[in-house]
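**Q** Dropping the structure in here first, questions after.
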Amino acid sequence: MELLAFGATGLAVLFLAAEKSNPMRLRQAYFGVFMVLLLGYIFGAPLGYVFSALAWPLLLVTEVRRGMPVQKQLRLVVFAEVMHLVLLLATLAGVNASFFTNLFWVLTAIARGAGALALYRAGEPDHPAEG
């Protein structure tokens, strides 16, 4: 499941980076998000988890700078990613936190989905996103 999410996110960010109507600076930012995501996949545990936890917050920060109203979703994603990363690294270090790690993995997925939905809705002219 994680690999499927990685592939879908990577393709979406690469499509945004390749979109000619975006200014070069924005395309570079999208490509940077893709590279962070790719580094997370390449390095694996535990360093790869740090890179993976940075990808969605960086994508939402890029969108906030672009003027998209996703500040609430950004805060939610950052909180979920940080908590999941801390619990995941603690579990790798031998602390028995696997239940909470799995719980925050689900919450992180929900937070990412909320961010993606807000970006989708903000892009529609008839449905402005709430920020």
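Chain labels run A, B, ... following the order of the structure tokens; each chain numbers its residues from 1, and ligands are numbered from 1 in the order shown.
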Pick out the residues sitting within 10 Å of stretch 89-106 of chain A, and hand them over as a ChimeraX atom specification; count only C-alpha atoms, and ignore anything fewer than 2 positions along from it in its own chain.

**A** /A:45-47,49-50,79-87,108-112

**Q** For A:Gln73, find every residue with an atom within 8 Å (counting only C-alpha atoms), except residues of its own chain fewer than 5 positions away, and show them as a PDB file with C-alpha atoms, in the first residue's frame.

**A**
ATOM      1  CA  ALA A 111      -4.342  13.987   6.714  1.00  0.00           C
ATOM      2  CA  ALA A 114      -7.560  15.863   3.352  1.00  0.00           C
ATOM      3  CA  GLY A 115      -4.728  17.917   1.880  1.00  0.00           C
ATOM      4  CA  ALA A 118      -8.491  20.538  -0.394  1.00  0.00           C
TER       5      ALA A 118
END

**Q** Counting only C-alpha atoms, what is within 7 Å of A:Pro57, bar same-chain residues fewer than 4 positions away, as an MDAnalysis selection string?

**A** chainID A and resid 61 74 77:78

**Q** Dump C-alpha atoms for the selected residues as a compact mmCIF listing (two decimals), in the first residue's frame?

**A**
# COMPACT_ATOMS: atom_id res chain seq x y z
CA VAL A 61 4.02 24.55 1.64
CA LEU A 74 -0.75 21.81 6.18
CA VAL A 77 -0.25 16.95 7.82
CA VAL A 78 2.80 18.30 9.65

**Q** Show me a table, sorted first by chain and then by increasing residue number, of the residues of stretch 48-94 of chain A having an atom at most 8 Å from stretch 17-41 of chain A, each with its shortest atom pair and the distance in Å to one decimal, counting only C-alpha atoms and written as a tab-separated table.

**A**
residue	atom	partner	partner_atom	distance
A:Gly48	CA	A:Gly40	CA	3.8
A:Tyr49	CA	A:Gly40	CA	6.0
A:Val50	CA	A:Gly40	CA	7.0
A:Phe51	CA	A:Gly40	CA	4.5
A:Ser52	CA	A:Gly40	CA	4.7
A:Leu54	CA	A:Val36	CA	7.2
A:Ala55	CA	A:Leu37	CA	5.4
A:Trp56	CA	A:Val33	CA	8.0
A:Leu58	CA	A:Val33	CA	6.3
A:Leu59	CA	A:Val33	CA	6.1
A:Thr62	CA	A:Ala29	CA	6.8

**Q** Take the residues from that selection and put them in a file with N, CA and C atoms, as a PDB file, in the first residue's frame.

**A**
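That gives us selection_5.pdb:
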ATOM      1  N   GLY A  48      15.227   7.053   5.287  1.00  0.00           N
ATOM      2  CA  GLY A  48      14.180   7.189   4.279  1.00  0.00           C
ATOM      3  C   GLY A  48      12.863   7.638   4.868  1.00  0.00           C
ATOM      4  N   TYR A  49      12.592   7.242   6.122  1.00  0.00           N
ATOM      5  CA  TYR A  49      11.364   7.675   6.771  1.00  0.00           C
ATOM      6  C   TYR A  49      11.352   9.182   6.988  1.00  0.00           C
ATOM      7  N   VAL A  50      12.515   9.745   7.267  1.00  0.00           N
ATOM      8  CA  VAL A  50      12.614  11.199   7.468  1.00  0.00           C
ATOM      9  C   VAL A  50      12.298  11.919   6.159  1.00  0.00           C
ATOM     10  N   PHE A  51      12.889  11.465   5.050  1.00  0.00           N
ATOM     11  CA  PHE A  51      12.608  12.081   3.758  1.00  0.00           C
ATOM     12  C   PHE A  51      11.141  11.918   3.372  1.00  0.00           C
ATOM     13  N   SER A  52      10.594  10.740   3.601  1.00  0.00           N
ATOM     14  CA  SER A  52       9.186  10.504   3.265  1.00  0.00           C
ATOM     15  C   SER A  52       8.255  11.400   4.074  1.00  0.00           C
ATOM     16  N   LEU A  54       8.856  14.343   4.977  1.00  0.00           N
ATOM     17  CA  LEU A  54       8.984  15.728   4.521  1.00  0.00           C
ATOM     18  C   LEU A  54       8.235  16.007   3.223  1.00  0.00           C
ATOM     19  N   ALA A  55       7.931  14.978   2.447  1.00  0.00           N
ATOM     20  CA  ALA A  55       7.397  15.177   1.100  1.00  0.00           C
ATOM     21  C   ALA A  55       6.047  15.896   1.089  1.00  0.00           C
ATOM     22  N   TRP A  56       5.061  15.397   1.834  1.00  0.00           N
ATOM     23  CA  TRP A  56       3.740  16.028   1.806  1.00  0.00           C
ATOM     24  C   TRP A  56       3.735  17.429   2.415  1.00  0.00           C
ATOM     25  N   LEU A  58       6.172  19.543   2.348  1.00  0.00           N
ATOM     26  CA  LEU A  58       6.800  20.404   1.342  1.00  0.00           C
ATOM     27  C   LEU A  58       5.851  20.700   0.182  1.00  0.00           C
ATOM     28  N   LEU A  59       5.086  19.700  -0.226  1.00  0.00           N
ATOM     29  CA  LEU A  59       4.114  19.918  -1.298  1.00  0.00           C
ATOM     30  C   LEU A  59       3.066  20.942  -0.876  1.00  0.00           C
ATOM     31  N   THR A  62       4.506  24.431  -0.741  1.00  0.00           N
ATOM     32  CA  THR A  62       4.588  24.958  -2.107  1.00  0.00           C
ATOM     33  C   THR A  62       3.240  25.504  -2.543  1.00  0.00           C
TER      34      THR A  62
END

**Q** Could you work out how far atom CA of A:Gly67 lies from atom CA of A:Ala8, giving the answer in Å with one decimal?

**A**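 According to the coordinates, atom CA of A:Ala8 and atom CA of A:Gly67 are separated by 23.7 Å.
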
**Q** To one decimal place, how far is atom CA of A:Lys72 from atom CA of A:Leu60 in Å?

**A**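 Atom CA of A:Leu60 lies at a distance of 10.2 Å from atom CA of A:Lys72.
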
**Q** For the helix (DSSP H, G or I) assignment from backbone DSSP, which residues of chain A qualify? Please present them as a compact mmCIF listing (two decimals) with N, CA and C atoms, in the first residue's frame.

**A**
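Listed below is the output, out.txt:
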# COMPACT_ATOMS: atom_id res chain seq x y z
N GLU A 2 1.93 1.21 0.80
CA GLU A 2 2.83 2.37 0.87
C GLU A 2 3.48 2.64 -0.48
N LEU A 3 3.84 1.57 -1.18
CA LEU A 3 4.47 1.72 -2.50
C LEU A 3 3.48 2.31 -3.50
N LEU A 4 2.22 1.92 -3.41
CA LEU A 4 1.20 2.48 -4.29
C LEU A 4 1.02 3.98 -4.03
N ALA A 5 0.99 4.36 -2.76
CA ALA A 5 0.87 5.78 -2.40
C ALA A 5 2.08 6.56 -2.89
N PHE A 6 3.27 5.96 -2.75
CA PHE A 6 4.49 6.60 -3.23
C PHE A 6 4.41 6.85 -4.74
N GLY A 7 4.02 5.84 -5.48
CA GLY A 7 3.94 5.96 -6.94
C GLY A 7 2.93 7.00 -7.39
N ALA A 8 1.76 6.99 -6.77
CA ALA A 8 0.72 7.96 -7.14
C ALA A 8 1.15 9.39 -6.81
N THR A 9 1.74 9.58 -5.64
CA THR A 9 2.19 10.91 -5.25
C THR A 9 3.33 11.38 -6.16
N GLY A 10 4.27 10.48 -6.42
CA GLY A 10 5.40 10.82 -7.29
C GLY A 10 4.95 11.21 -8.69
N LEU A 11 4.02 10.46 -9.26
CA LEU A 11 3.52 10.79 -10.60
C LEU A 11 2.78 12.13 -10.61
N ALA A 12 1.97 12.36 -9.59
CA ALA A 12 1.23 13.62 -9.53
C ALA A 12 2.17 14.82 -9.44
N VAL A 13 3.20 14.70 -8.61
CA VAL A 13 4.15 15.81 -8.45
C VAL A 13 4.96 16.01 -9.73
N LEU A 14 5.33 14.91 -10.39
CA LEU A 14 6.07 15.05 -11.65
C LEU A 14 5.21 15.69 -12.74
N PHE A 15 3.92 15.35 -12.78
CA PHE A 15 3.03 16.00 -13.74
C PHE A 15 2.95 17.50 -13.47
N LEU A 16 2.88 17.88 -12.19
CA LEU A 16 2.87 19.31 -11.85
C LEU A 16 4.18 19.98 -12.25
N ALA A 17 5.29 19.27 -12.07
CA ALA A 17 6.60 19.84 -12.43
C ALA A 17 6.73 19.99 -13.94
N ALA A 18 6.05 19.14 -14.70
CA ALA A 18 6.18 19.18 -16.15
C ALA A 18 5.18 20.12 -16.82
N MET A 24 8.87 28.62 -13.94
CA MET A 24 10.02 27.74 -13.71
C MET A 24 10.28 27.53 -12.22
N ARG A 25 10.15 28.57 -11.42
CA ARG A 25 10.41 28.46 -9.98
C ARG A 25 9.46 27.45 -9.33
N LEU A 26 8.20 27.48 -9.75
CA LEU A 26 7.23 26.55 -9.21
C LEU A 26 7.50 25.13 -9.69
N ARG A 27 7.88 24.98 -10.94
CA ARG A 27 8.22 23.64 -11.45
C ARG A 27 9.43 23.08 -10.72
N GLN A 28 10.39 23.92 -10.40
CA GLN A 28 11.56 23.47 -9.63
C GLN A 28 11.15 23.04 -8.23
N ALA A 29 10.21 23.75 -7.64
CA ALA A 29 9.74 23.38 -6.30
C ALA A 29 9.05 22.02 -6.33
N TYR A 30 8.22 21.79 -7.35
CA TYR A 30 7.56 20.49 -7.49
C TYR A 30 8.59 19.38 -7.71
N PHE A 31 9.59 19.66 -8.53
CA PHE A 31 10.62 18.65 -8.76
C PHE A 31 11.40 18.37 -7.48
N GLY A 32 11.62 19.41 -6.67
CA GLY A 32 12.29 19.22 -5.38
C GLY A 32 11.48 18.32 -4.46
N VAL A 33 10.16 18.49 -4.47
CA VAL A 33 9.29 17.61 -3.67
C VAL A 33 9.43 16.17 -4.16
N PHE A 34 9.46 15.99 -5.47
CA PHE A 34 9.63 14.65 -6.02
C PHE A 34 10.97 14.05 -5.60
N MET A 35 12.02 14.84 -5.61
CA MET A 35 13.34 14.33 -5.23
C MET A 35 13.36 13.92 -3.75
N VAL A 36 12.72 14.69 -2.89
CA VAL A 36 12.64 14.32 -1.47
C VAL A 36 11.88 13.00 -1.32
N LEU A 37 10.79 12.87 -2.06
CA LEU A 37 10.02 11.63 -2.04
C LEU A 37 10.85 10.46 -2.54
N LEU A 38 11.60 10.68 -3.60
CA LEU A 38 12.45 9.63 -4.16
C LEU A 38 13.57 9.24 -3.20
N LEU A 39 14.16 10.21 -2.54
CA LEU A 39 15.21 9.92 -1.55
C LEU A 39 14.65 9.06 -0.41
N GLY A 40 13.42 9.33 -0.02
CA GLY A 40 12.79 8.52 1.00
C GLY A 40 12.66 7.07 0.57
N TYR A 41 12.39 6.85 -0.70
CA TYR A 41 12.26 5.49 -1.22
C TYR A 41 13.64 4.84 -1.37
N ILE A 42 14.62 5.60 -1.79
CA ILE A 42 15.96 5.05 -2.04
C ILE A 42 16.65 4.64 -0.74
N PHE A 43 16.61 5.51 0.27
CA PHE A 43 17.37 5.26 1.49
C PHE A 43 16.77 4.20 2.39
N LEU A 47 16.57 6.53 7.66
CA LEU A 47 16.72 7.84 7.01
C LEU A 47 15.63 8.08 5.97
N GLY A 48 15.23 7.05 5.29
CA GLY A 48 14.18 7.19 4.28
C GLY A 48 12.86 7.64 4.87
N TYR A 49 12.59 7.24 6.12
CA TYR A 49 11.36 7.68 6.77
C TYR A 49 11.35 9.18 6.99
N VAL A 50 12.52 9.75 7.27
CA VAL A 50 12.61 11.20 7.47
C VAL A 50 12.30 11.92 6.16
N PHE A 51 12.89 11.46 5.05
CA PHE A 51 12.61 12.08 3.76
C PHE A 51 11.14 11.92 3.37
N SER A 52 10.59 10.74 3.60
CA SER A 52 9.19 10.50 3.27
C SER A 52 8.25 11.40 4.07
N ALA A 53 8.62 11.65 5.33
CA ALA A 53 7.79 12.50 6.18
C ALA A 53 7.85 13.97 5.75
N LEU A 54 8.86 14.34 4.98
CA LEU A 54 8.98 15.73 4.52
C LEU A 54 8.24 16.01 3.22
N ALA A 55 7.93 14.98 2.45
CA ALA A 55 7.40 15.18 1.10
C ALA A 55 6.05 15.90 1.09
N TRP A 56 5.06 15.40 1.83
CA TRP A 56 3.74 16.03 1.81
C TRP A 56 3.73 17.43 2.41
N PRO A 57 4.42 17.64 3.55
CA PRO A 57 4.47 19.02 4.05
C PRO A 57 5.12 19.98 3.04
N LEU A 58 6.17 19.54 2.35
CA LEU A 58 6.80 20.40 1.34
C LEU A 58 5.85 20.70 0.18
N LEU A 59 5.09 19.70 -0.23
CA LEU A 59 4.11 19.92 -1.30
C LEU A 59 3.07 20.94 -0.88
N LEU A 60 2.56 20.82 0.35
CA LEU A 60 1.54 21.76 0.81
C LEU A 60 2.13 23.15 1.05
N VAL A 61 3.38 23.24 1.50
CA VAL A 61 4.02 24.55 1.64
C VAL A 61 4.15 25.21 0.27
N THR A 62 4.51 24.43 -0.74
CA THR A 62 4.59 24.96 -2.11
C THR A 62 3.24 25.50 -2.54
N GLU A 63 2.17 24.79 -2.23
CA GLU A 63 0.84 25.24 -2.61
C GLU A 63 0.40 26.48 -1.81
N VAL A 64 0.77 26.56 -0.54
CA VAL A 64 0.44 27.74 0.26
C VAL A 64 1.15 28.96 -0.33
N ARG A 65 2.41 28.81 -0.70
CA ARG A 65 3.15 29.92 -1.32
C ARG A 65 2.53 30.33 -2.64
N GLN A 71 -3.85 26.02 4.60
CA GLN A 71 -3.06 26.17 5.82
C GLN A 71 -3.49 25.17 6.90
N LYS A 72 -4.79 24.95 7.06
CA LYS A 72 -5.26 24.00 8.07
C LYS A 72 -4.78 22.59 7.75
N GLN A 73 -4.88 22.23 6.49
CA GLN A 73 -4.45 20.89 6.08
C GLN A 73 -2.94 20.75 6.24
N LEU A 74 -2.20 21.83 6.00
CA LEU A 74 -0.75 21.81 6.18
C LEU A 74 -0.41 21.53 7.64
N ARG A 75 -1.07 22.23 8.55
CA ARG A 75 -0.82 21.99 9.98
C ARG A 75 -1.16 20.56 10.38
N LEU A 76 -2.28 20.05 9.87
CA LEU A 76 -2.69 18.69 10.18
C LEU A 76 -1.68 17.67 9.64
N VAL A 77 -1.22 17.87 8.42
CA VAL A 77 -0.25 16.95 7.82
C VAL A 77 1.07 17.00 8.57
N VAL A 78 1.54 18.18 8.91
CA VAL A 78 2.80 18.30 9.65
C VAL A 78 2.69 17.59 11.00
N PHE A 79 1.61 17.82 11.72
CA PHE A 79 1.43 17.15 13.01
C PHE A 79 1.42 15.63 12.85
N ALA A 80 0.64 15.13 11.91
CA ALA A 80 0.53 13.68 11.72
C ALA A 80 1.85 13.07 11.27
N GLU A 81 2.55 13.75 10.36
CA GLU A 81 3.83 13.23 9.87
C GLU A 81 4.87 13.19 11.00
N VAL A 82 4.93 14.24 11.81
CA VAL A 82 5.90 14.29 12.90
C VAL A 82 5.60 13.21 13.93
N MET A 83 4.34 13.07 14.33
CA MET A 83 3.99 12.06 15.32
C MET A 83 4.26 10.65 14.78
N HIS A 84 3.91 10.40 13.54
CA HIS A 84 4.15 9.08 12.96
C HIS A 84 5.65 8.81 12.87
N LEU A 85 6.43 9.79 12.46
CA LEU A 85 7.87 9.61 12.35
C LEU A 85 8.51 9.33 13.71
N VAL A 86 8.13 10.09 14.72
CA VAL A 86 8.69 9.89 16.06
C VAL A 86 8.34 8.49 16.58
N LEU A 87 7.09 8.09 16.42
CA LEU A 87 6.69 6.77 16.88
C LEU A 87 7.34 5.66 16.08
N LEU A 88 7.50 5.87 14.79
CA LEU A 88 8.14 4.87 13.94
C LEU A 88 9.60 4.69 14.31
N LEU A 89 10.30 5.79 14.51
CA LEU A 89 11.71 5.70 14.91
C LEU A 89 11.85 5.10 16.31
N ALA A 90 10.90 5.41 17.20
CA ALA A 90 10.92 4.82 18.53
C ALA A 90 10.71 3.30 18.45
N THR A 91 9.82 2.87 17.58
CA THR A 91 9.59 1.44 17.40
C THR A 91 10.83 0.76 16.84
N LEU A 92 11.49 1.42 15.90
CA LEU A 92 12.73 0.86 15.36
C LEU A 92 13.83 0.78 16.41
N SER A 98 4.21 0.09 18.64
CA SER A 98 3.72 -0.29 17.31
C SER A 98 2.24 0.02 17.13
N PHE A 99 1.42 -0.11 18.17
CA PHE A 99 0.01 0.22 18.05
C PHE A 99 -0.17 1.69 17.68
N PHE A 100 0.51 2.56 18.41
CA PHE A 100 0.38 3.99 18.15
C PHE A 100 1.03 4.38 16.81
N THR A 101 2.08 3.67 16.44
CA THR A 101 2.70 3.91 15.13
C THR A 101 1.71 3.61 14.02
N ASN A 102 1.02 2.48 14.13
CA ASN A 102 0.03 2.12 13.13
C ASN A 102 -1.15 3.08 13.13
N LEU A 103 -1.55 3.50 14.33
CA LEU A 103 -2.65 4.46 14.44
C LEU A 103 -2.28 5.77 13.74
N PHE A 104 -1.07 6.26 13.98
CA PHE A 104 -0.67 7.51 13.33
C PHE A 104 -0.38 7.32 11.85
N TRP A 105 -0.07 6.09 11.41
CA TRP A 105 0.05 5.84 9.97
C TRP A 105 -1.30 6.07 9.31
N VAL A 106 -2.37 5.59 9.93
CA VAL A 106 -3.72 5.79 9.39
C VAL A 106 -4.07 7.27 9.44
N LEU A 107 -3.79 7.94 10.56
CA LEU A 107 -4.09 9.37 10.66
C LEU A 107 -3.28 10.19 9.65
N THR A 108 -2.05 9.77 9.39
CA THR A 108 -1.23 10.46 8.38
C THR A 108 -1.85 10.29 7.00
N ALA A 109 -2.33 9.10 6.69
CA ALA A 109 -2.98 8.87 5.41
C ALA A 109 -4.24 9.72 5.27
N ILE A 110 -5.00 9.84 6.35
CA ILE A 110 -6.20 10.67 6.33
C ILE A 110 -5.83 12.14 6.15
N ALA A 111 -4.78 12.59 6.84
CA ALA A 111 -4.34 13.99 6.71
C ALA A 111 -3.87 14.28 5.29
N ARG A 112 -3.12 13.36 4.70
CA ARG A 112 -2.67 13.54 3.32
C ARG A 112 -3.87 13.60 2.37
N GLY A 113 -4.84 12.73 2.62
CA GLY A 113 -6.05 12.75 1.79
C GLY A 113 -6.82 14.05 1.93
N ALA A 114 -6.89 14.57 3.14
CA ALA A 114 -7.56 15.86 3.35
C ALA A 114 -6.83 16.97 2.61
N GLY A 115 -5.50 16.93 2.63
CA GLY A 115 -4.73 17.92 1.88
C GLY A 115 -4.95 17.80 0.39
N ALA A 116 -4.95 16.57 -0.12
CA ALA A 116 -5.17 16.36 -1.55
C ALA A 116 -6.57 16.80 -1.96
N LEU A 117 -7.58 16.49 -1.13
CA LEU A 117 -8.94 16.90 -1.43
C LEU A 117 -9.08 18.43 -1.42
N ALA A 118 -8.44 19.07 -0.45
CA ALA A 118 -8.49 20.54 -0.39
C ALA A 118 -7.84 21.15 -1.63
N LEU A 119 -6.73 20.59 -2.08
CA LEU A 119 -6.07 21.09 -3.29
C LEU A 119 -6.96 20.87 -4.50
N TYR A 120 -7.60 19.72 -4.58
CA TYR A 120 -8.50 19.44 -5.70
C TYR A 120 -9.67 20.41 -5.71
N ARG A 121 -10.27 20.61 -4.54
CA ARG A 121 -11.43 21.51 -4.46
C ARG A 121 -11.02 22.96 -4.72
N ALA A 122 -9.82 23.34 -4.30
CA ALA A 122 -9.36 24.72 -4.55
C ALA A 122 -9.14 24.96 -6.03
N GLY A 123 -8.85 23.92 -6.78
CA GLY A 123 -8.64 24.05 -8.21
C GLY A 123 -9.92 24.15 -9.01
